[in-house]
Amino acid sequence: MGSITFSHVYKHYKGEQRPAVNDFHLSIEEGEFLVLVGPSGCGKSTTLRMLAGLEEITEGELYIDDKFVNYLSPKDRDIAMVFQNYALYPNLSVYENIALGLKLRKTAKHDIELKVNRVAKILEISHLLDRKPSQLSGGQKQRVALGRAIAREPQVFLMDEPLSNLDAKLRAQTRAELIKLQSDLKRTTVYVTHDQVEAMTMGTRIVVMKDGVIQQVAPPRQLYDEPANLFVAGFIGSPQMNFLEGSIVRQNGVYYFLNKRIKFRIPEKYYGQFNAKPGTLRNCVLGVRPEHVQLGPDKDEFPEDEYVRGVVEMTEVTGADSYVYVKIGEKTVIGRTEPEIDYEKEEKLLVSFNMNKIHFFDEQSGVSLAAGGDEG
Ligand code: ADP
């Protein structure tokens with residue numbers, strides 16, 4: 001129970017030029033924790049609201065458990081939604097807020113009591129049941145909102161940025177609790193966030209959206225290691241992946257990535273992405289994450305021809321790591337180093353890449369060459 005299928009779903013708001021959601025086509029399995037992520041305005045909430053029945057579907061079909069639900073009202077969809085603003089009733093106690101959904105469904109009083117107490121225990125809010133929402137902290141309010149959703153025991157949970165009003169510490173804590181809760185309850189959850197860290201830590205699968213269009217659907221690790229295009233590569237990961245424009249050339253059977261300053265040999269495992277045209281094969285963008293950038297003052301640390309000279313622009317210390325911004329000509333490349341290593345501004349450094357961890361993207365379409373972007 002709780003599987004969801006979007007079949008070529010569109011949302012066109014009146015008066016808007018382009019659809020807010022454009023051909024959303026995806027099946028969500030029962031029990032999955034699916035995260036919709038993307039920048040503000042990319043269509044995440046609209047997608048969720050169509051699923052909830054709060055927004056009409058312009059075109060396409062929506063199924064919950066193989067049942068066609070386009071025209072089914074929200075209350076008949078067996079879903080519970082948690083919003084960022086909690087939406088608690090101020091005049092009702094915590095107990096009454098959690099019990100309300102059950103009351104409306106004419107659940108027996110005794111059952112309501114059992115369910116509310118059980119949920120309160122799971123969320124550790126048993127001692128707050130008599131309070132009014134105004135007497136709660138933000139984190140506590142969010143738990144009550146969650147409690148209300150859980151108490152109803154819906155087939156599907158929908159959550160729209162539920163943690164965004166919490167401070168950083170509480171957000172991390174509640175995030176961990178939500179993950180645990182979902183794995184205990186095993187209910188299908190569709191979770192909207194603009195925060196890629198939240199997406200990566202919570203989702204069993206992540207949908208990255210941009211301008212209403214799905215860019216990639218994948219588990220977190222795959223999204224990080226095999227981004228389908230430049231947008232996903234840049235959106236997932238912080239600091240973001242470095243991008244360098246250049247071309248791929250073949251000389252004596254060996255492929256190189258070449259631009260004004262760099263000539264790096266490309267490992268054979270990538271050759272299949274390029275196909276074997278002679279001469280300049282193609283213009284492309286090379287992507288390399290900060291943790292795969294090697295930095296050092298000493299030539300001996302690098303293989304003969306595999307480094308480029310740069311100048312330190314600034315260093316960002318996060319505690320566990322340091323990120324060094326190195327200027328290579330006009331271009332800034334970010335590399336991760338041990339926090340103990342302290343590079344000075346203006347210091348001259350040599351820069352190299354772990355060439356087994358690079359990505360190539362088509363210069364025009366932005367599509368990863370690993371995803372078959374080298375056609376045409
Ligand atoms: P997100 O949740 O990713 O921030 P939304 O789904 O809220 O994005 O919005 C997607 C697009 O649809 C945006 O361009 C937004 O301005 C537009 N939009 C959202 N709601 C409405 C509405 N009720 N009427 C017209 N346009 C809307």
# chains A, B, ... in the order shown; residues from 1 in each chain; ligands from 1
$ residues_near_ligand --ligand "ligand 1" --cutoff "6 Å" --atoms "only C-alpha atoms and all ligand atoms" --output "PDB file with N, CA, C and O atoms, in the first residue's frame"
ATOM      1  N   TYR A  13      -0.156  26.780 -14.690  1.00  0.00           N
ATOM      2  CA  TYR A  13      -0.924  27.834 -14.015  1.00  0.00           C
ATOM      3  C   TYR A  13      -1.396  28.836 -15.058  1.00  0.00           C
ATOM      4  O   TYR A  13      -0.648  29.161 -15.989  1.00  0.00           O
ATOM      5  N   ALA A  20       4.618  24.887 -14.696  1.00  0.00           N
ATOM      6  CA  ALA A  20       5.342  24.825 -13.423  1.00  0.00           C
ATOM      7  C   ALA A  20       5.879  23.426 -13.200  1.00  0.00           C
ATOM      8  O   ALA A  20       6.918  23.234 -12.583  1.00  0.00           O
ATOM      9  N   SER A  40      14.464  27.113  -5.585  1.00  0.00           N
ATOM     10  CA  SER A  40      13.155  27.704  -5.400  1.00  0.00           C
ATOM     11  C   SER A  40      12.470  27.944  -6.750  1.00  0.00           C
ATOM     12  O   SER A  40      13.102  28.419  -7.690  1.00  0.00           O
ATOM     13  N   GLY A  41      11.210  27.563  -6.851  1.00  0.00           N
ATOM     14  CA  GLY A  41      10.457  27.803  -8.076  1.00  0.00           C
ATOM     15  C   GLY A  41      10.566  26.703  -9.116  1.00  0.00           C
ATOM     16  O   GLY A  41      10.037  26.828 -10.212  1.00  0.00           O
ATOM     17  N   CYS A  42      11.221  25.593  -8.768  1.00  0.00           N
ATOM     18  CA  CYS A  42      11.433  24.545  -9.780  1.00  0.00           C
ATOM     19  C   CYS A  42      10.233  23.606  -9.915  1.00  0.00           C
ATOM     20  O   CYS A  42      10.223  22.736 -10.772  1.00  0.00           O
ATOM     21  N   GLY A  43       9.229  23.775  -9.031  1.00  0.00           N
ATOM     22  CA  GLY A  43       8.010  22.973  -9.185  1.00  0.00           C
ATOM     23  C   GLY A  43       7.828  21.874  -8.152  1.00  0.00           C
ATOM     24  O   GLY A  43       6.915  21.047  -8.274  1.00  0.00           O
ATOM     25  N   LYS A  44       8.647  21.875  -7.111  1.00  0.00           N
ATOM     26  CA  LYS A  44       8.561  20.820  -6.084  1.00  0.00           C
ATOM     27  C   LYS A  44       7.215  20.847  -5.363  1.00  0.00           C
ATOM     28  O   LYS A  44       6.521  19.843  -5.272  1.00  0.00           O
ATOM     29  N   SER A  45       6.875  22.033  -4.829  1.00  0.00           N
ATOM     30  CA  SER A  45       5.638  22.133  -4.047  1.00  0.00           C
ATOM     31  C   SER A  45       4.419  21.857  -4.907  1.00  0.00           C
ATOM     32  O   SER A  45       3.468  21.212  -4.456  1.00  0.00           O
ATOM     33  N   THR A  46       4.458  22.344  -6.124  1.00  0.00           N
ATOM     34  CA  THR A  46       3.335  22.111  -7.024  1.00  0.00           C
ATOM     35  C   THR A  46       3.133  20.604  -7.234  1.00  0.00           C
ATOM     36  O   THR A  46       2.004  20.108  -7.195  1.00  0.00           O
TER      37      THR A  46
END
$ select_by_dssp --residues "segment 162-354 of chain A" --states "alpha helix (DSSP H)" --output "compact mmCIF listing (two decimals) with N, CA and C atoms, in the first residue's frame"
# COMPACT_ATOMS: atom_id res chain seq x y z
N ALA A 168 19.71 25.35 13.10
CA ALA A 168 20.56 24.32 12.48
C ALA A 168 20.67 23.05 13.32
N LYS A 169 20.86 23.21 14.61
CA LYS A 169 21.07 22.05 15.48
C LYS A 169 19.81 21.19 15.55
N LEU A 170 18.69 21.88 15.76
CA LEU A 170 17.42 21.18 15.89
C LEU A 170 17.04 20.53 14.56
N ARG A 171 17.41 21.21 13.49
CA ARG A 171 17.11 20.68 12.16
C ARG A 171 17.83 19.35 11.95
N ALA A 172 19.11 19.32 12.32
CA ALA A 172 19.90 18.10 12.16
C ALA A 172 19.31 16.98 13.02
N GLN A 173 18.91 17.34 14.23
CA GLN A 173 18.38 16.35 15.16
C GLN A 173 17.04 15.81 14.66
N THR A 174 16.17 16.72 14.23
CA THR A 174 14.85 16.29 13.77
C THR A 174 14.97 15.49 12.47
N ARG A 175 15.94 15.88 11.66
CA ARG A 175 16.21 15.15 10.42
C ARG A 175 16.52 13.69 10.75
N ALA A 176 17.41 13.49 11.72
CA ALA A 176 17.78 12.13 12.10
C ALA A 176 16.57 11.36 12.63
N GLU A 177 15.73 12.07 13.41
CA GLU A 177 14.55 11.41 13.97
C GLU A 177 13.56 11.02 12.87
N LEU A 178 13.41 11.91 11.90
CA LEU A 178 12.50 11.62 10.80
C LEU A 178 12.95 10.40 10.00
N ILE A 179 14.26 10.30 9.81
CA ILE A 179 14.80 9.15 9.07
C ILE A 179 14.46 7.87 9.82
N LYS A 180 14.68 7.91 11.12
CA LYS A 180 14.42 6.72 11.95
C LYS A 180 12.92 6.39 11.94
N LEU A 181 12.14 7.43 12.11
CA LEU A 181 10.68 7.26 12.15
C LEU A 181 10.19 6.61 10.86
N GLN A 182 10.70 7.14 9.74
CA GLN A 182 10.25 6.61 8.46
C GLN A 182 10.67 5.15 8.29
N SER A 183 11.87 4.83 8.76
CA SER A 183 12.31 3.45 8.59
C SER A 183 11.55 2.52 9.54
N ASP A 184 11.08 3.05 10.67
CA ASP A 184 10.24 2.24 11.57
C ASP A 184 8.84 2.05 11.00
N LEU A 185 8.25 3.15 10.54
CA LEU A 185 6.86 3.10 10.08
C LEU A 185 6.73 2.50 8.68
N GLN A 196 20.13 20.57 -0.45
CA GLN A 196 20.68 19.33 -1.00
C GLN A 196 21.25 18.42 0.08
N VAL A 197 21.69 19.00 1.20
CA VAL A 197 22.21 18.15 2.28
C VAL A 197 21.06 17.34 2.89
N GLU A 198 19.94 18.02 3.09
CA GLU A 198 18.75 17.33 3.60
C GLU A 198 18.35 16.21 2.63
N ALA A 199 18.34 16.54 1.36
CA ALA A 199 17.96 15.54 0.35
C ALA A 199 18.90 14.34 0.40
N MET A 200 20.18 14.61 0.44
CA MET A 200 21.16 13.53 0.38
C MET A 200 21.11 12.64 1.62
N THR A 201 20.84 13.24 2.79
CA THR A 201 20.86 12.44 4.01
C THR A 201 19.55 11.69 4.24
N MET A 202 18.45 12.18 3.68
CA MET A 202 17.16 11.59 4.01
C MET A 202 16.61 10.64 2.95
N PRO A 220 21.05 8.65 -3.39
CA PRO A 220 22.00 9.73 -3.10
C PRO A 220 23.41 9.49 -3.64
N ARG A 221 23.95 8.32 -3.38
CA ARG A 221 25.34 8.04 -3.78
C ARG A 221 25.51 8.14 -5.30
N GLN A 222 24.53 7.59 -5.99
CA GLN A 222 24.61 7.61 -7.46
C GLN A 222 24.49 9.03 -8.01
N LEU A 223 23.64 9.81 -7.35
CA LEU A 223 23.47 11.20 -7.77
C LEU A 223 24.79 11.96 -7.66
N TYR A 224 25.50 11.64 -6.59
CA TYR A 224 26.77 12.31 -6.31
C TYR A 224 27.87 11.82 -7.25
N ASP A 225 27.90 10.52 -7.45
CA ASP A 225 28.99 9.92 -8.24
C ASP A 225 28.74 9.96 -9.74
N LEU A 230 25.20 18.83 -16.05
CA LEU A 230 25.91 19.89 -15.34
C LEU A 230 25.11 20.45 -14.19
N PHE A 231 23.79 20.55 -14.38
CA PHE A 231 22.97 21.14 -13.33
C PHE A 231 23.02 20.28 -12.07
N VAL A 232 22.81 18.99 -12.23
CA VAL A 232 22.82 18.09 -11.06
C VAL A 232 24.22 18.07 -10.44
N ALA A 233 25.23 18.04 -11.29
CA ALA A 233 26.62 18.01 -10.79
C ALA A 233 26.90 19.24 -9.94
N GLY A 234 26.38 20.38 -10.36
CA GLY A 234 26.62 21.62 -9.64
C GLY A 234 25.73 21.78 -8.43
N PHE A 235 24.55 21.20 -8.48
CA PHE A 235 23.58 21.40 -7.40
C PHE A 235 23.87 20.50 -6.20
$ select_by_dssp --residues "segment 184-295 of chain A" --states "strand (DSSP E)" --output "MDAnalysis selection string"
chainID A and resid 188:193 205:210 213:218 242:251 254:258 263:265 280:288 293:295
$ residues_around --residues "Gly246 of chain A" --least-positions-apart "3" --cutoff "10 Å" --atoms "only C-alpha atoms" --output "list in words"
Phe243, Val249, Phe257, Leu258, Asn259, Lys260, Arg261, Ile262, Lys263, Arg282, Asn283, Cys284, Val285, Leu286 and Glu363 of chain A
$ residues_around --residues "segment 150-160 of chain A" --least-positions-apart "2" --cutoff "6 Å" --atoms "only C-alpha atoms" --output "PyMOL selection string"
chain A and resi 2+78-83+147-148+162+188-192
$ closest_residue --among "A:Thr318, A:Asn70, A:Asn117, A:Gln216" --to "Ser368 of chain A" --atoms "only C-alpha atoms"
A:Gln216
$ atom_distance --atom1 "atom CA of Ser352 of chain A" --atom2 "atom CA of Val293 of chain A"
5.9 Å
